[in-house]
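Engineer: Can you keep this structure in mind? I'll have questions shortly.
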Number of protein chains: 2
Amino acid sequence: MTPAPYASRERSTKERILGAAEALFATHGFAGASLRQVTAAARVNLAAVNYHFGSKDKLIEEVFRRRLDELNTRRLAALQRLAGRDDTSLEDVLDAYIRPALDLSRTDGGGAAFVRVLARAYAEHNETLRRFLSENYGHILRQFAAEFARLLPGLAKEDIYWRLDIVTGALTYAMADFGIIQRKSDVAERDHRETAAEHLIRFAAAGMRNPSVSNAPASPR
Amino acid sequence: MTPAPYASRERSTKERILGAAEALFATHGFAGASLRQVTAAARVNLAAVNYHFGSKDKLIEEVFRRRLDELNTRRLAALQRLAGRDDTSLEDVLDAYIRPALDLSRTDGGGAAFVRVLARAYAEHNETLRRFLSENYGHILRQFAAEFARLLPGLAKEDIYWRLDIVTGALTYAMADFGIIQRKSDVAERDHRETAAEHLIRFAAAGMRNPSVSNAPASPR
DNA sequence: CGTATTCTCAAACGATCGTTTGATTCAAAC
DNA sequence: GTTTGAATCAAACGATCGTTTGAGAATACG
């Protein structure tokens, strides 16, 4: 009918599918969002998913890869601006870890949806996904742990990983906007997230600075 | 209405369904676990779910109600042993909040599965479920917040809710065993969880005790 | 006992799932 | 202008989903 050349379309079919899938996976989960919903939202044919990605599982992997590559790159870049410097504070390192995730959630192009997809992946406990995330994640985690170890010399290495794990939990939870605290209608969403980030960083810094616990029970009642 | 006719069986059909549903929802999610899987695991007929619960959604609600009633009761009982006393520490109150969830995850009767179901519910972001949880949750939260306010008189009420929210995030994450830290093979699971709880309580206490942040930006770079 | 009620069961319902097919359309290479 | 390979499309595939049905078995009550 219309001889509109594909190259002149706003976005390619693959990108439209990835965007729609991201949004729908965030809302309905991986099992809950069907390929018919995804392709309808992306305004492409149903068969396009299997043509371009091979299967639904491969599509899910691509949704992750697209965002995680950028998130990890940004975290590392922020960390490397601080690592080894004398004037680096604990809050700075936590900021390098937390802020890129926050910024991602503010991206216009669906980043806000992705952080919910990420949180969902943790909940799904899917082994394939876990391994995939762990591979892209362990790398980052080790570098941050090394910098924390430098700033907190009195802390056992094991304690650092424990506490970084706790921070990650609170961050995942906060980014996905699970919280009981409801944003007031007169507060913009980015201000709400900024406030959440500040609370989180302060909280995490205090928890991190705590003296080592390895040989002292927490609450001996 | 009538007393269980199959009273001689090990467990009633309803209970067997609830147990199997809990385990399968934890593993595969609400959309991912089918009623055929559930009824097969419970060794009951497929139609039994709709007969006893009305629908799959109602079954999901019952899975929550059964455990949450007990969890909330235990948290309140622990809190009321501490509330208002002179010798109550911040760690004690956090213990009353965190420990019952921990204990629940150690229950033989599938409690360990339920904490993962609970975490999943947060991720699902289902509005019906959220409202249901909020109703059973806001009640608890307010009482704990009041006790925290007593022990931390310098802290704004808003800050208390923010921090309690952060603790809940880290707790939910920890209970569901999402963490990157893998339990070593020579450490029993309950020891692993005990260690996680101690770290969490210590971390949370330090974060809670932090001076108020409401009028001071976190990381003014 | 017989009757009523509660529960279980196999079978089927229509709907929707992920995936595949084969024909058709398009842009570019020759 | 013809050929070629990539991309899109409508249609259908078998499988599985939640739910419903109606008959039969088990229990309770008169």
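Ordering of the structure tokens sets the chain letters (A, B, ...); residue numbers start at 1 within each chain; ligands are numbered from 1 in the order shown.
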Could the residues of chain A that have an atom at most 8 Å from chain C be listed as JSON lines, each with its closest atom pair and the distance in Å to one decimal, counting only C-alpha atoms (C1' of nucleotides) and ordered by chain and ascending residue number?
Structural biologist:
```
{"residue": "A:Pro5", "atom": "CA", "partner": "C:DC26", "partner_atom": "C1'", "distance": 7.7}
{"residue": "A:Ser34", "atom": "CA", "partner": "C:DC17", "partner_atom": "C1'", "distance": 7.5}
{"residue": "A:Leu35", "atom": "CA", "partner": "C:DG18", "partner_atom": "C1'", "distance": 7.7}
{"residue": "A:Asn50", "atom": "CA", "partner": "C:DT19", "partner_atom": "C1'", "distance": 7.6}
{"residue": "A:Lys56", "atom": "CA", "partner": "C:DG18", "partner_atom": "C1'", "distance": 7.7}
```
Engineer: Let me see the file: selected residues, C-alpha atoms, as a PDB file, in the first residue's frame.
Structural biologist:
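What landed in out.pdb:
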```pdb
ATOM      1  CA  PRO A   5      10.647   2.832   3.398  1.00  0.00           C
ATOM      2  CA  SER A  34       2.036 -12.379  26.419  1.00  0.00           C
ATOM      3  CA  LEU A  35       3.744 -11.894  23.097  1.00  0.00           C
ATOM      4  CA  ASN A  50      10.301 -15.044  16.905  1.00  0.00           C
ATOM      5  CA  LYS A  56      10.309 -15.245  24.169  1.00  0.00           C
TER       6      LYS A  56
END
```
Engineer: Using only C-alpha atoms (C1' of nucleotides), I'd like a table of the residues in chain D that come within 9 Å of chain A; for each, show the closest atom pair and its distance in Å rounded to one decimal, ordered by chain and ascending number, as CSV.
Structural biologist:
```
residue,atom,partner,partner_atom,distance
D:DA7,C1',A:Ala48,CA,8.8
D:DT8,C1',A:Asn45,CA,7.0
D:DC9,C1',A:Asn45,CA,6.8
```
Engineer: Choose the residue, out of A:Gln37, A:Thr27, A:Ser105, A:Thr73, that has the smallest atom-to-atom separation from chain B; count only C-alpha atoms.
Structural biologist: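 With only C-alpha atoms as the atom set, the closest residue is A:Thr27.
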Engineer: DSSP on the backbone: what in segment 21-213 of chain A comes out helix (DSSP H, G or I), as a count of residues only?
Structural biologist: 140
Engineer: Could you name the residues that touch Ala205 of chain A at 8 Å or less, counting only C-alpha atoms (C1' of nucleotides), but leaving out those on the same chain fewer than 3 positions away, as a list in words?
Structural biologist: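 Everything that qualifies: Leu90, Glu91, Leu94, Ile201, Arg202, Met208 and Arg209 of chain A; Gly207 of chain B.
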Engineer: To one decimal place, how far is atom CA of Phe64 of chain A from atom CA of Ala96 of chain A in Å?
Structural biologist: 20.7 Å
Engineer: Find the residues around Asp92 of chain A up to 10 Å (only C-alpha atoms (C1' of nucleotides) counted), leave out those fewer than 3 positions away in its own chain, and share them as a PDB file with N, CA and C atoms, in the first residue's frame.
Structural biologist:
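For reference, result01.pdb as written:
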```pdb
ATOM      1  N   ALA A  78      31.763   6.077  37.285  1.00  0.00           N
ATOM      2  CA  ALA A  78      31.659   6.901  38.491  1.00  0.00           C
ATOM      3  C   ALA A  78      32.643   6.431  39.552  1.00  0.00           C
ATOM      4  N   LEU A  79      32.796   5.121  39.656  1.00  0.00           N
ATOM      5  CA  LEU A  79      33.715   4.584  40.668  1.00  0.00           C
ATOM      6  C   LEU A  79      35.159   4.946  40.355  1.00  0.00           C
ATOM      7  N   LEU A  82      36.660   8.052  41.514  1.00  0.00           N
ATOM      8  CA  LEU A  82      36.874   8.196  42.957  1.00  0.00           C
ATOM      9  C   LEU A  82      37.957   7.263  43.499  1.00  0.00           C
ATOM     10  N   ALA A  83      38.109   6.126  42.868  1.00  0.00           N
ATOM     11  CA  ALA A  83      38.928   5.058  43.444  1.00  0.00           C
ATOM     12  C   ALA A  83      40.354   5.511  43.735  1.00  0.00           C
ATOM     13  N   ASP A  87      40.636  12.130  48.985  1.00  0.00           N
ATOM     14  CA  ASP A  87      39.486  12.906  49.448  1.00  0.00           C
ATOM     15  C   ASP A  87      38.150  12.219  49.155  1.00  0.00           C
ATOM     16  N   THR A  88      38.204  10.946  48.835  1.00  0.00           N
ATOM     17  CA  THR A  88      36.966  10.213  48.562  1.00  0.00           C
ATOM     18  C   THR A  88      36.290   9.804  49.873  1.00  0.00           C
ATOM     19  N   SER A  89      34.993  10.113  49.964  1.00  0.00           N
ATOM     20  CA  SER A  89      34.247   9.733  51.163  1.00  0.00           C
ATOM     21  C   SER A  89      33.403   8.488  50.889  1.00  0.00           C
ATOM     22  N   ASP A  95      27.255   6.762  46.446  1.00  0.00           N
ATOM     23  CA  ASP A  95      26.593   7.539  45.405  1.00  0.00           C
ATOM     24  C   ASP A  95      26.887   6.960  44.027  1.00  0.00           C
ATOM     25  N   ALA A  96      28.130   6.558  43.825  1.00  0.00           N
ATOM     26  CA  ALA A  96      28.519   5.971  42.538  1.00  0.00           C
ATOM     27  C   ALA A  96      27.782   4.657  42.289  1.00  0.00           C
ATOM     28  N   TYR A  97      27.442   4.008  43.363  1.00  0.00           N
ATOM     29  CA  TYR A  97      26.749   2.719  43.248  1.00  0.00           C
ATOM     30  C   TYR A  97      25.246   2.912  43.058  1.00  0.00           C
ATOM     31  N   ILE A  98      24.703   3.881  43.767  1.00  0.00           N
ATOM     32  CA  ILE A  98      23.243   4.051  43.810  1.00  0.00           C
ATOM     33  C   ILE A  98      22.743   4.984  42.707  1.00  0.00           C
ATOM     34  N   ARG A  99      23.488   6.079  42.494  1.00  0.00           N
ATOM     35  CA  ARG A  99      22.995   7.123  41.596  1.00  0.00           C
ATOM     36  C   ARG A  99      22.727   6.644  40.160  1.00  0.00           C
ATOM     37  N   ILE A 201      21.246   6.783  50.779  1.00  0.00           N
ATOM     38  CA  ILE A 201      22.701   6.948  50.859  1.00  0.00           C
ATOM     39  C   ILE A 201      23.135   7.233  52.291  1.00  0.00           C
ATOM     40  N   ALA A 205      25.422   4.732  54.461  1.00  0.00           N
ATOM     41  CA  ALA A 205      26.724   5.155  54.963  1.00  0.00           C
ATOM     42  C   ALA A 205      26.844   4.858  56.448  1.00  0.00           C
TER      43      ALA A 205
ATOM     44  N   SER B 219      24.418  14.193  49.771  1.00  0.00           N
ATOM     45  CA  SER B 219      25.750  14.158  49.182  1.00  0.00           C
ATOM     46  C   SER B 219      25.930  15.342  48.234  1.00  0.00           C
ATOM     47  N   PRO B 220      26.196  16.501  48.801  1.00  0.00           N
ATOM     48  CA  PRO B 220      26.295  17.728  47.994  1.00  0.00           C
ATOM     49  C   PRO B 220      27.604  17.785  47.240  1.00  0.00           C
ATOM     50  N   ARG B 221      27.630  17.193  46.073  1.00  0.00           N
ATOM     51  CA  ARG B 221      28.891  17.088  45.337  1.00  0.00           C
ATOM     52  C   ARG B 221      29.148  18.329  44.519  1.00  0.00           C
TER      53      ARG B 221
END
```
Engineer: Which residue is closest to Ala101 of chain B? Choose from B:Ala196, B:Ala170, B:Leu71, B:Ala33 and count only C-alpha atoms.
Structural biologist: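 Of B:Ala196, B:Ala170, B:Leu71, B:Ala33, the one nearest Ala101 of chain B is B:Leu71, counting only C-alpha atoms.
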Engineer: What lies within 12 Å of Arg65 of chain B using only C-alpha atoms (C1' of nucleotides), ignoring chain neighbours under 6 positions off, as a PyMOL selection string?
Structural biologist: chain B and resi 18+22+58-59+71-72+114+118+129+132-133+135-137
Engineer: Pull N, CA and C atoms from the residues just selected and write them as a PDB file, in the first residue's frame.
Structural biologist:
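Output saved as result.pdb:
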```
ATOM      1  N   LEU B  18      -3.427 -25.391  49.825  1.00  0.00           N
ATOM      2  CA  LEU B  18      -2.734 -24.182  50.268  1.00  0.00           C
ATOM      3  C   LEU B  18      -1.222 -24.407  50.347  1.00  0.00           C
ATOM      4  N   GLU B  22       1.428 -22.543  47.877  1.00  0.00           N
ATOM      5  CA  GLU B  22       2.468 -21.707  48.464  1.00  0.00           C
ATOM      6  C   GLU B  22       3.831 -22.044  47.868  1.00  0.00           C
ATOM      7  N   LYS B  58      -8.753 -16.026  44.486  1.00  0.00           N
ATOM      8  CA  LYS B  58      -9.147 -16.205  45.883  1.00  0.00           C
ATOM      9  C   LYS B  58      -8.179 -17.154  46.596  1.00  0.00           C
ATOM     10  N   LEU B  59      -7.697 -18.137  45.862  1.00  0.00           N
ATOM     11  CA  LEU B  59      -6.696 -19.043  46.447  1.00  0.00           C
ATOM     12  C   LEU B  59      -5.440 -18.278  46.835  1.00  0.00           C
ATOM     13  N   LEU B  71       2.138 -13.896  61.317  1.00  0.00           N
ATOM     14  CA  LEU B  71       3.303 -13.013  61.359  1.00  0.00           C
ATOM     15  C   LEU B  71       2.990 -11.712  62.084  1.00  0.00           C
ATOM     16  N   ASN B  72       1.854 -11.120  61.754  1.00  0.00           N
ATOM     17  CA  ASN B  72       1.491  -9.849  62.377  1.00  0.00           C
ATOM     18  C   ASN B  72       1.220 -10.008  63.857  1.00  0.00           C
ATOM     19  N   PHE B 114       6.818 -19.237  51.879  1.00  0.00           N
ATOM     20  CA  PHE B 114       5.951 -18.069  51.934  1.00  0.00           C
ATOM     21  C   PHE B 114       6.708 -16.754  51.862  1.00  0.00           C
ATOM     22  N   LEU B 118       5.896 -13.749  49.486  1.00  0.00           N
ATOM     23  CA  LEU B 118       5.699 -12.377  49.946  1.00  0.00           C
ATOM     24  C   LEU B 118       6.542 -11.407  49.124  1.00  0.00           C
ATOM     25  N   LEU B 129      -3.468  -7.006  45.433  1.00  0.00           N
ATOM     26  CA  LEU B 129      -2.616  -7.579  46.469  1.00  0.00           C
ATOM     27  C   LEU B 129      -1.992  -6.496  47.340  1.00  0.00           C
ATOM     28  N   PHE B 132      -4.435  -5.281  49.817  1.00  0.00           N
ATOM     29  CA  PHE B 132      -4.617  -6.315  50.837  1.00  0.00           C
ATOM     30  C   PHE B 132      -3.462  -6.312  51.834  1.00  0.00           C
ATOM     31  N   LEU B 133      -2.228  -6.251  51.330  1.00  0.00           N
ATOM     32  CA  LEU B 133      -1.057  -6.244  52.202  1.00  0.00           C
ATOM     33  C   LEU B 133      -0.997  -4.963  53.029  1.00  0.00           C
ATOM     34  N   GLU B 135      -3.363  -3.146  54.078  1.00  0.00           N
ATOM     35  CA  GLU B 135      -4.341  -3.155  55.168  1.00  0.00           C
ATOM     36  C   GLU B 135      -3.832  -3.947  56.366  1.00  0.00           C
ATOM     37  N   ASN B 136      -3.187  -5.047  56.095  1.00  0.00           N
ATOM     38  CA  ASN B 136      -2.652  -5.858  57.183  1.00  0.00           C
ATOM     39  C   ASN B 136      -1.302  -5.348  57.659  1.00  0.00           C
ATOM     40  N   TYR B 137      -0.767  -4.375  56.963  1.00  0.00           N
ATOM     41  CA  TYR B 137       0.605  -3.974  57.197  1.00  0.00           C
ATOM     42  C   TYR B 137       0.682  -2.598  57.845  1.00  0.00           C
TER      43      TYR B 137
END
```
Engineer: Tell me, in Å to one decimal, how far atom CA of Ala41 of chain B is from atom CA of Phe53 of chain B.
Structural biologist: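 Between atom CA of Ala41 of chain B and atom CA of Phe53 of chain B the gap works out to 17.0 Å.
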Engineer: Which value, in Å to one decimal, gives the distance between atom CA of Gly19 of chain A and atom CA of Arg36 of chain A?
Structural biologist: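 Separation of atom CA of Gly19 of chain A and atom CA of Arg36 of chain A: 14.3 Å.
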Engineer: Identify which of the residues B:Leu152, B:Glu194, B:His28, B:Ile140 lies closest to chain A, counting only C-alpha atoms when measuring atom-to-atom distances.
Structural biologist: B:His28
